[in-house]
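Novice: Please read through the structure below; I'll follow up with questions.
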Amino acid sequence: MTLTAQVAATAALVVFEQARGRRLVREISALGGDPHAPGAQAVVGAVSVFAILIMLVTATTVAAAAAYLTWLVQARRNASPGAQAAPVLAAWSVPGVNLVAPPVLVYRLWWGSRPPADRHGRWVALLAAWWLSWLAVLALVPARLTAVGDTDLTGLGPAELAVVALCALLCAATVRQITRIQTAGARPRPPARTGRVMARAVPRILAEQGSAPQVHHARQ
């Protein structure tokens with residue numbers, strides 16, 4: 001849900017950028033930074049919308065990060081009771097380490113959840129695709145924001161939105177895979193096979209008990 005909200009907020013910001021951004025930049029430049037200049041009131045609404053969209057993108061990004069880290073800590077405890085949260089926080093917050101450690105941590109979590117052996121190749125491909133898309137977000141979005149010129153508000157466009165959406169989709173897929181494995185492992189095994197064994201064993205036991213007195217009388 002938080003990833004969906006983040007993508008939706010980013011999409012709204014990109015649409016605003018494409019539809020109104022450049023014209024708004026020209027209008028603000030024409031005012032010369034004077035809020036009392038003629039025509040200043042005409043851009044107040046657009047500036048307010050832009051500010052709200054920025055806050056929404058920031059809030060949803062923080063919410064998605066918090067939700068993901070909370071899930072990751074809980075999933076590690078499900079796979080290994082007593083696991084601490086410190087390695088998770090260090091893997092994502094230490095500069096340099098956070099470029100390599102998170103996918104290794106998620107891979108070990110998947111493996112520790114005892115998945116089916118035949119899914120290893122697909123899991124590695126999914127994990128690699130997710131992490132490469134995340135590195136693309138880190139490379140593309142900050143570069144756009146820092147290279148904003150006099151004609152753009154944020155510089156974000158359809159390419160950046162596509163990368164963010166792909167990264168969110170792949171991240172959700174990794175979460176779903178691990179959660180599904182852990183949920184399946186937590187369910188009690190169906191007693192169908194045990195029921196069949198008991199159904200065959202009980203009549204045999206009763207038959208043996210019934211024949212025991214007959215054998216005893218025959219011997220007498």
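Chain lettering (A, B, ...) mirrors the order of the structure tokens, residue numbering begins at 1 for each chain separately, and ligand numbering begins at 1 in order of display.
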List as a list in words the protein and nucleic acid residues near Ala172 of chain A, meaning an atom at most 10 Å away when only C-alpha atoms are counted, but skip any in the same chain fewer than 4 places from it.

Specialist: Met1, Leu3, Thr4, Tyr68, Trp130, Leu166, Cys167, Ala168, Arg176 and Gln177 of chain A

Novice: Within 10 Å of Trp111 of chain A, counting only C-alpha atoms, which residues show up once you throw out same-chain ones fewer than 3 positions away? Write them as a list in words, please.

Specialist: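 Contacts, with the query itself left out: Ala79, Leu105, Val106, Tyr107, Arg108, Arg114, Pro115, Pro116, Ala117, His120, Trp123 and Ile178 of chain A.
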
Novice: Which value, in Å to one decimal, gives the distance between atom CA of Ser48 of chain A and atom CA of Val62 of chain A?

Specialist: 21.2 Å

Novice: Would you work out the distance separating atom CA of Leu53 of chain A from atom CA of Leu145 of chain A, expressed in Å to one decimal?

Specialist: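 Separation of atom CA of Leu53 of chain A and atom CA of Leu145 of chain A: 15.1 Å.
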
Novice: Tell me which protein, DNA and RNA residues are within 12 Å of Ala162 of chain A, counting only C-alpha atoms, leaving out same-chain ones fewer than 2 positions away, and put them as a list in words.

Specialist: Val7, Ala8, Thr10, Ala11, Val14, Ser133, Trp134, Ala136, Val137, Leu140, Val141, Leu156, Gly157, Pro158, Ala159, Glu160, Val164, Ala165, Leu166, Cys167, Ala168 and Leu169 of chain A

Novice: Set the distance at 12 Å and use only C-alpha atoms: which residues neighbour Gly112 of chain A once local chain neighbours fewer than 6 positions away are removed? I'd like the list as a list in words.

Specialist: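 Final neighbour list, sorted by chain and number: Ala75, Arg76, Arg77, Asn78, Ala79, Ser80, Pro81, Ala83, Leu105, Val106, Ile178, Ile181, Gln182 and Gly185 of chain A.
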